[in-house]
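Peer 1: My structure file coords_10.cif, mmCIF, C-alpha atoms, is below:
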data_entry
loop_
_atom_site.group_PDB
_atom_site.id
_atom_site.type_symbol
_atom_site.label_atom_id
_atom_site.label_comp_id
_atom_site.auth_asym_id
_atom_site.auth_seq_id
_atom_site.Cartn_x
_atom_site.Cartn_y
_atom_site.Cartn_z
ATOM 1 C CA MET H 28 -5.762 -25.197 -3.730
ATOM 2 C CA ALA H 29 -2.766 -23.110 -4.838
ATOM 3 C CA GLN H 30 0.698 -24.453 -4.182
ATOM 4 C CA ASN H 31 3.322 -22.295 -2.504
ATOM 5 C CA GLY H 32 4.651 -19.794 -4.969
ATOM 6 C CA SER H 33 1.691 -19.962 -7.323
ATOM 7 C CA GLU H 34 -0.719 -18.027 -5.094
ATOM 8 C CA GLY H 35 1.179 -14.729 -5.458
ATOM 9 C CA PRO H 36 0.941 -14.336 -9.246
ATOM 10 C CA LEU H 37 -2.679 -15.537 -9.222
ATOM 11 C CA LEU H 38 -3.569 -13.005 -6.560
ATOM 12 C CA ALA H 39 -1.662 -10.271 -8.379
ATOM 13 C CA GLY H 40 -3.457 -11.159 -11.616
ATOM 14 C CA VAL H 41 -6.930 -11.075 -10.039
ATOM 15 C CA ALA H 42 -6.104 -7.912 -8.103
ATOM 16 C CA GLY H 43 -4.634 -6.229 -11.154
ATOM 17 C CA ARG H 44 -7.587 -7.029 -13.406
ATOM 18 C CA TYR H 45 -10.160 -5.843 -10.882
ATOM 19 C CA ALA H 46 -8.149 -2.697 -10.068
ATOM 20 C CA LEU H 47 -7.724 -1.814 -13.731
ATOM 21 C CA ALA H 48 -11.448 -2.259 -14.382
ATOM 22 C CA LEU H 49 -12.283 -0.071 -11.367
ATOM 23 C CA TYR H 50 -9.763 2.566 -12.420
ATOM 24 C CA GLU H 51 -11.123 2.745 -15.963
ATOM 25 C CA LEU H 52 -14.685 3.072 -14.686
ATOM 26 C CA ALA H 53 -13.694 5.714 -12.118
ATOM 27 C CA ARG H 54 -11.744 7.633 -14.784
ATOM 28 C CA ASP H 55 -14.703 7.557 -17.170
ATOM 29 C CA GLU H 56 -17.007 8.776 -14.368
ATOM 30 C CA GLY H 57 -14.507 11.430 -13.189
ATOM 31 C CA GLN H 58 -14.311 9.848 -9.729
ATOM 32 C CA VAL H 59 -10.722 8.581 -9.525
ATOM 33 C CA ASP H 60 -9.871 10.565 -6.382
ATOM 34 C CA ASP H 61 -13.215 9.856 -4.668
ATOM 35 C CA VAL H 62 -12.784 6.135 -5.236
ATOM 36 C CA ALA H 63 -9.209 6.298 -3.926
ATOM 37 C CA LYS H 64 -10.372 8.131 -0.792
ATOM 38 C CA ASN H 65 -13.105 5.561 -0.118
ATOM 39 C CA LEU H 66 -10.764 2.618 -0.762
ATOM 40 C CA ASP H 67 -8.238 4.178 1.618
ATOM 41 C CA ALA H 68 -10.956 4.476 4.258
ATOM 42 C CA PHE H 69 -11.838 0.793 3.843
ATOM 43 C CA ASP H 70 -8.152 -0.162 3.914
ATOM 44 C CA ALA H 71 -7.712 1.732 7.204
ATOM 45 C CA LEU H 72 -10.651 -0.198 8.672
ATOM 46 C CA TYR H 73 -9.157 -3.439 7.374
ATOM 47 C CA ARG H 74 -5.770 -2.758 8.991
ATOM 48 C CA GLU H 75 -7.383 -1.808 12.333
ATOM 49 C CA SER H 76 -9.905 -4.646 12.664
ATOM 50 C CA ALA H 77 -8.904 -8.272 13.201
ATOM 51 C CA ASP H 78 -12.567 -9.248 12.712
ATOM 52 C CA LEU H 79 -12.699 -7.577 9.301
ATOM 53 C CA ARG H 80 -9.422 -9.220 8.273
ATOM 54 C CA ARG H 81 -10.890 -12.593 9.292
ATOM 55 C CA LEU H 82 -14.065 -11.906 7.288
ATOM 56 C CA VAL H 83 -12.059 -10.893 4.221
ATOM 57 C CA LYS H 84 -9.585 -13.784 4.319
ATOM 58 C CA SER H 85 -11.707 -16.691 5.516
ATOM 59 C CA PRO H 86 -13.420 -18.971 3.011
ATOM 60 C CA ALA H 87 -15.631 -20.235 5.855
ATOM 61 C CA TYR H 88 -18.108 -17.386 5.397
ATOM 62 C CA SER H 89 -20.698 -17.765 2.662
ATOM 63 C CA THR H 90 -21.088 -15.241 -0.113
ATOM 64 C CA SER H 91 -24.310 -13.927 1.422
ATOM 65 C CA GLU H 92 -22.674 -13.576 4.861
ATOM 66 C CA GLN H 93 -19.687 -11.698 3.442
ATOM 67 C CA THR H 94 -21.858 -9.470 1.250
ATOM 68 C CA ALA H 95 -24.235 -8.613 4.109
ATOM 69 C CA ALA H 96 -21.427 -7.924 6.590
ATOM 70 C CA VAL H 97 -19.444 -5.814 4.133
ATOM 71 C CA GLY H 98 -22.577 -3.893 3.089
ATOM 72 C CA ALA H 99 -23.383 -3.039 6.711
ATOM 73 C CA LEU H 100 -19.783 -2.004 7.378
ATOM 74 C CA LEU H 101 -19.648 0.222 4.282
ATOM 75 C CA GLU H 102 -22.887 1.934 5.234
ATOM 76 C CA ARG H 103 -21.756 2.478 8.814
ATOM 77 C CA ALA H 104 -18.349 3.815 7.680
ATOM 78 C CA GLY H 105 -19.934 6.167 5.137
ATOM 79 C CA ILE H 106 -18.182 4.517 2.204
ATOM 80 C CA SER H 107 -20.365 4.821 -0.863
ATOM 81 C CA GLY H 108 -20.404 5.176 -4.622
ATOM 82 C CA LEU H 109 -18.184 3.228 -6.973
ATOM 83 C CA ALA H 110 -15.825 2.075 -4.207
ATOM 84 C CA ALA H 111 -18.670 0.608 -2.159
ATOM 85 C CA ASN H 112 -20.167 -1.085 -5.217
ATOM 86 C CA PHE H 113 -16.730 -2.454 -6.100
ATOM 87 C CA ILE H 114 -16.192 -3.909 -2.614
ATOM 88 C CA LYS H 115 -19.676 -5.459 -2.669
ATOM 89 C CA LEU H 116 -18.955 -6.927 -6.119
ATOM 90 C CA ALA H 117 -15.718 -8.463 -4.819
ATOM 91 C CA ALA H 118 -17.706 -10.039 -1.971
ATOM 92 C CA ALA H 119 -20.447 -11.294 -4.314
ATOM 93 C CA ASN H 120 -17.822 -12.833 -6.646
ATOM 94 C CA ARG H 121 -15.951 -14.548 -3.760
ATOM 95 C CA ARG H 122 -12.924 -12.318 -4.374
ATOM 96 C CA LEU H 123 -12.941 -10.535 -1.027
ATOM 97 C CA PHE H 124 -9.676 -12.293 -0.116
ATOM 98 C CA ALA H 125 -7.959 -10.370 -2.937
ATOM 99 C CA LEU H 126 -9.350 -6.970 -1.901
ATOM 100 C CA PRO H 127 -6.189 -5.707 -0.135
ATOM 101 C CA GLY H 128 -4.203 -6.453 -3.293
ATOM 102 C CA MET H 129 -6.886 -4.789 -5.417
ATOM 103 C CA ILE H 130 -6.635 -1.634 -3.312
ATOM 104 C CA ARG H 131 -2.825 -1.595 -3.651
ATOM 105 C CA ALA H 132 -3.102 -2.171 -7.407
ATOM 106 C CA TYR H 133 -5.669 0.638 -7.727
ATOM 107 C CA ARG H 134 -3.340 3.035 -5.880
ATOM 108 C CA GLU H 135 -0.514 2.061 -8.214
ATOM 109 C CA GLN H 136 -2.765 2.582 -11.246
ATOM 110 C CA VAL H 137 -3.656 6.083 -10.026
ATOM 111 C CA ARG H 138 -0.001 6.949 -9.335
ATOM 112 C CA GLU H 139 1.041 5.712 -12.758
ATOM 113 C CA ALA H 140 -1.732 7.635 -14.530
ATOM 114 C CA LYS H 141 -0.782 10.836 -12.700
ATOM 115 C CA GLY H 142 2.947 10.340 -13.285
ATOM 116 C CA ILE H 143 3.639 10.058 -9.576
ATOM 117 C CA VAL H 144 6.682 8.077 -8.464
ATOM 118 C CA ARG H 145 6.480 6.068 -5.230
ATOM 119 C CA ALA H 146 9.389 6.493 -2.833
ATOM 120 C CA GLU H 147 9.863 4.352 0.247
ATOM 121 C CA VAL H 148 11.696 6.248 2.977
ATOM 122 C CA ARG H 149 12.867 4.721 6.254
ATOM 123 C CA VAL H 150 14.102 6.867 9.125
ATOM 124 C CA ALA H 151 14.969 6.155 12.760
ATOM 125 C CA GLU H 152 12.381 8.529 14.220
ATOM 126 C CA LYS H 153 9.442 10.558 12.964
ATOM 127 C CA PRO H 154 10.747 13.690 11.236
ATOM 128 C CA SER H 155 9.077 17.073 11.474
ATOM 129 C CA ASP H 156 6.742 18.226 8.705
ATOM 130 C CA ALA H 157 9.443 20.620 7.472
ATOM 131 C CA VAL H 158 11.963 17.775 7.135
ATOM 132 C CA ILE H 159 9.382 15.632 5.316
ATOM 133 C CA GLU H 160 8.821 18.477 2.857
ATOM 134 C CA GLU H 161 12.605 18.795 2.332
ATOM 135 C CA ILE H 162 12.829 15.059 1.640
ATOM 136 C CA LYS H 163 9.924 15.280 -0.834
ATOM 137 C CA ALA H 164 11.504 18.277 -2.583
ATOM 138 C CA SER H 165 14.853 16.477 -2.899
ATOM 139 C CA LEU H 166 13.199 13.339 -4.228
ATOM 140 C CA ARG H 167 11.128 15.374 -6.722
ATOM 141 C CA ASP H 168 14.395 16.828 -8.060
ATOM 142 C CA VAL H 169 15.943 13.364 -8.386
ATOM 143 C CA ALA H 170 12.866 11.657 -9.855
ATOM 144 C CA LYS H 171 11.914 14.647 -12.009
ATOM 145 C CA SER H 172 8.256 14.055 -11.187
ATOM 146 C CA GLU H 173 5.801 14.226 -8.304
ATOM 147 C CA VAL H 174 6.625 11.831 -5.459
ATOM 148 C CA ASP H 175 4.302 9.810 -3.228
ATOM 149 C CA LEU H 176 6.226 9.321 0.011
ATOM 150 C CA ASP H 177 5.782 6.063 1.913
ATOM 151 C CA LEU H 178 7.399 6.866 5.274
ATOM 152 C CA HIS H 179 8.418 4.086 7.687
ATOM 153 C CA ILE H 180 9.870 4.561 11.149
ATOM 154 C CA ASP H 181 12.654 2.035 11.860
ATOM 155 C CA PRO H 182 14.496 2.695 15.140
ATOM 156 C CA SER H 183 17.089 0.031 14.249
ATOM 157 C CA LEU H 184 18.590 2.496 11.733
ATOM 158 C CA ILE H 185 19.870 4.539 14.726
ATOM 159 C CA GLY H 186 19.938 7.667 12.531
ATOM 160 C CA GLY H 187 20.104 8.779 8.919
ATOM 161 C CA ILE H 188 17.821 7.695 6.093
ATOM 162 C CA VAL H 189 17.219 4.876 3.616
ATOM 163 C CA VAL H 190 15.437 5.801 0.378
ATOM 164 C CA LYS H 191 14.173 3.450 -2.295
ATOM 165 C CA ILE H 192 12.703 4.696 -5.583
ATOM 166 C CA GLY H 193 11.964 1.948 -8.050
ATOM 167 C CA SER H 194 15.089 -0.202 -8.277
ATOM 168 C CA ARG H 195 17.386 2.501 -6.870
ATOM 169 C CA MET H 196 18.240 2.552 -3.189
ATOM 170 C CA VAL H 197 20.370 4.915 -1.123
ATOM 171 C CA ASP H 198 21.308 3.776 2.373
ATOM 172 C CA ALA H 199 22.654 6.675 4.429
ATOM 173 C CA SER H 200 21.739 5.161 7.779
ATOM 174 C CA LEU H 201 23.993 5.327 10.788
ATOM 175 C CA ARG H 202 23.580 1.564 11.268
ATOM 176 C CA THR H 203 25.069 0.884 7.820
ATOM 177 C CA LYS H 204 27.948 3.312 8.411
ATOM 178 C CA LEU H 205 28.730 1.700 11.774
ATOM 179 C CA ASN H 206 28.655 -1.759 10.198
ATOM 180 C CA SER H 207 31.081 -0.554 7.504
ATOM 181 C CA ILE H 208 33.452 0.788 10.158
ATOM 182 C CA ARG H 209 33.166 -2.459 12.135
ATOM 183 C CA LEU H 210 33.986 -4.480 9.013
ATOM 184 C CA ALA H 211 36.960 -2.242 8.161
ATOM 185 C CA MET H 212 38.319 -2.621 11.698
ATOM 186 C CA ARG H 213 38.063 -6.427 11.505
ATOM 187 C CA GLU H 214 39.950 -6.451 8.204
ATOM 188 C CA ALA H 215 42.660 -4.187 9.640
ATOM 189 C CA ARG H 216 43.583 -6.734 12.359
#
I need this file expressed as structure tokens, please.
Peer 2:
Amino acid sequence: MAQNGSEGPLLAGVAGRYALALYELARDEGQVDDVAKNLDAFDALYRESADLRRLVKSPAYSTSEQTAAVGALLERAGISGLAANFIKLAAANRRLFALPGMIRAYREQVREAKGIVRAEVRVAEKPSDAVIEEIKASLRDVAKSEVDLDLHIDPSLIGGIVVKIGSRMVDASLRTKLNSIRLAMREAR
């Protein structure tokens, strides 16, 4: 059994190897976007279903039980092709527990291959589509490439925006500005 701290790199290594193999196969078959769409569909099911998360994470289920359950789910959800075969292979190889990491690693592989930069954006409330497009356009100018926006709603920000691209972060949230004012007032006493 993995000790604390050692499970992360092992999982990342397994996930990365599987994702790279899937990406290379999908690229060779001209199905990169189809595979991504099907993996996203499975990931949405995974996030919505506690039962599926239990099936994926629990070592209590046998290989045949996991493979059968996943196969039935894929068929019912209409997930097919390389993505379905990949998920079934992960189940057959007792690697289903690493599937969420594999999906994330595949997405990253696709972004990297397409030259797309990932930007994490946190705002206090859901912006309109026009504002989202303005944010994307501004980030494209800064990053000098296409941007994949990962939008998070965080009411604790009160207002403003926090943007993280790679190792760069800009915090223009009202919460941070208020904390700065509060700190300045304490120092002024």
Peer 1: Could you state the separation of atom CA of Pro154 of chain H and atom CA of Leu66 of chain H in Å, given to one decimal place?
Peer 2: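 According to the coordinates, atom CA of Pro154 of chain H and atom CA of Leu66 of chain H are separated by 27.0 Å.
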Peer 1: Grab the atom CA of Asp156 of chain H to atom CA of Asn65 of chain H distance for me, in Å with one decimal place.
Peer 2: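 Atom CA of Asp156 of chain H sits 25.1 Å away from atom CA of Asn65 of chain H.
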Peer 1: I would like the residues chosen by the PyMOL selection byres ((chain H and resi 74-89) around 12) on the shown file; could you give them as a count of residues only?
Peer 2: 33
Peer 1: So which residues touch segment 194-209 of chain H within 8 Å, counting only C-alpha atoms, skipping near sequence neighbours fewer than 6 positions away, as a list in words?
Peer 2: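 Close residues of segment 194-209 of chain H: Val150, Ser183, Leu184, Ile185, Gly186, Gly187 and Ile188 of chain H.
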Peer 1: Given the PyMOL selection byres ((chain H and resi 177) around 7) and the file above, list the residues it selects as an MDAnalysis selection string.
Peer 2: chainID H and resid 146:148 175:176 178:179
Peer 1: Figure out the distance between atom CA of Val137 of chain H and atom CA of Gly193 of chain H, please, to one decimal in Å.
Peer 2: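 One can read the atom CA of Gly193 of chain H to atom CA of Val137 of chain H distance as 16.3 Å.
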Peer 1: Go through H:Arg103, H:Arg54, H:Arg216, H:Arg134 and flag the residue nearest Ala42 of chain H, using all atoms listed in the file for the distances.
Peer 2: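 Between H:Arg103, H:Arg54, H:Arg216, H:Arg134, the residue approaching Ala42 of chain H most closely is H:Arg134.
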Peer 1: Given the PyMOL selection byres ((chain H and resi 107-111) around 9) and the file above, list the residues it selects as a list in words.
Peer 2: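 After applying the PyMOL selection byres ((chain H and resi 107-111) around 9), what remains is Leu49, Leu52, Ala53, Gln58, Asp61, Val62, Ala63, Lys64, Asn65, Leu66, Gly98, Leu101, Glu102, Ala104, Gly105, Ile106, Asn112, Phe113, Ile114, Lys115 and Leu116 of chain H.
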Peer 1: Please produce an output containing C-alpha atoms for each residue in the selection, written as a PDB file, in the frame of the given file.
Peer 2:
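For reference, again-v9.pdb as written:
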ATOM      1  CA  LEU H  49     -12.283  -0.071 -11.367  1.00  0.00           C
ATOM      2  CA  LEU H  52     -14.685   3.072 -14.686  1.00  0.00           C
ATOM      3  CA  ALA H  53     -13.694   5.714 -12.118  1.00  0.00           C
ATOM      4  CA  GLN H  58     -14.311   9.848  -9.729  1.00  0.00           C
ATOM      5  CA  ASP H  61     -13.215   9.856  -4.668  1.00  0.00           C
ATOM      6  CA  VAL H  62     -12.784   6.135  -5.236  1.00  0.00           C
ATOM      7  CA  ALA H  63      -9.209   6.298  -3.926  1.00  0.00           C
ATOM      8  CA  LYS H  64     -10.372   8.131  -0.792  1.00  0.00           C
ATOM      9  CA  ASN H  65     -13.105   5.561  -0.118  1.00  0.00           C
ATOM     10  CA  LEU H  66     -10.764   2.618  -0.762  1.00  0.00           C
ATOM     11  CA  GLY H  98     -22.577  -3.893   3.089  1.00  0.00           C
ATOM     12  CA  LEU H 101     -19.648   0.222   4.282  1.00  0.00           C
ATOM     13  CA  GLU H 102     -22.887   1.934   5.234  1.00  0.00           C
ATOM     14  CA  ALA H 104     -18.349   3.815   7.680  1.00  0.00           C
ATOM     15  CA  GLY H 105     -19.934   6.167   5.137  1.00  0.00           C
ATOM     16  CA  ILE H 106     -18.182   4.517   2.204  1.00  0.00           C
ATOM     17  CA  ASN H 112     -20.167  -1.085  -5.217  1.00  0.00           C
ATOM     18  CA  PHE H 113     -16.730  -2.454  -6.100  1.00  0.00           C
ATOM     19  CA  ILE H 114     -16.192  -3.909  -2.614  1.00  0.00           C
ATOM     20  CA  LYS H 115     -19.676  -5.459  -2.669  1.00  0.00           C
ATOM     21  CA  LEU H 116     -18.955  -6.927  -6.119  1.00  0.00           C
TER      22      LEU H 116
END
Peer 1: Which residue, H:Asp55, H:Leu210, H:Ala170, H:Val158, has the smallest gap to Ile143 of chain H when you use only C-alpha atoms?
Peer 2: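 With only C-alpha atoms as the atom set, the closest residue is H:Ala170.
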Peer 1: Go ahead and fit an axis-aligned box to every listed atom of segment 146-149 of chain H plus 4 Å each side, and pass me the centre and edge lengths in Å, one decimal, as JSON.
Peer 2:
{"center_x": 11.1, "center_y": 5.4, "center_z": 1.7, "size_x": 11.5, "size_y": 10.1, "size_z": 17.1}
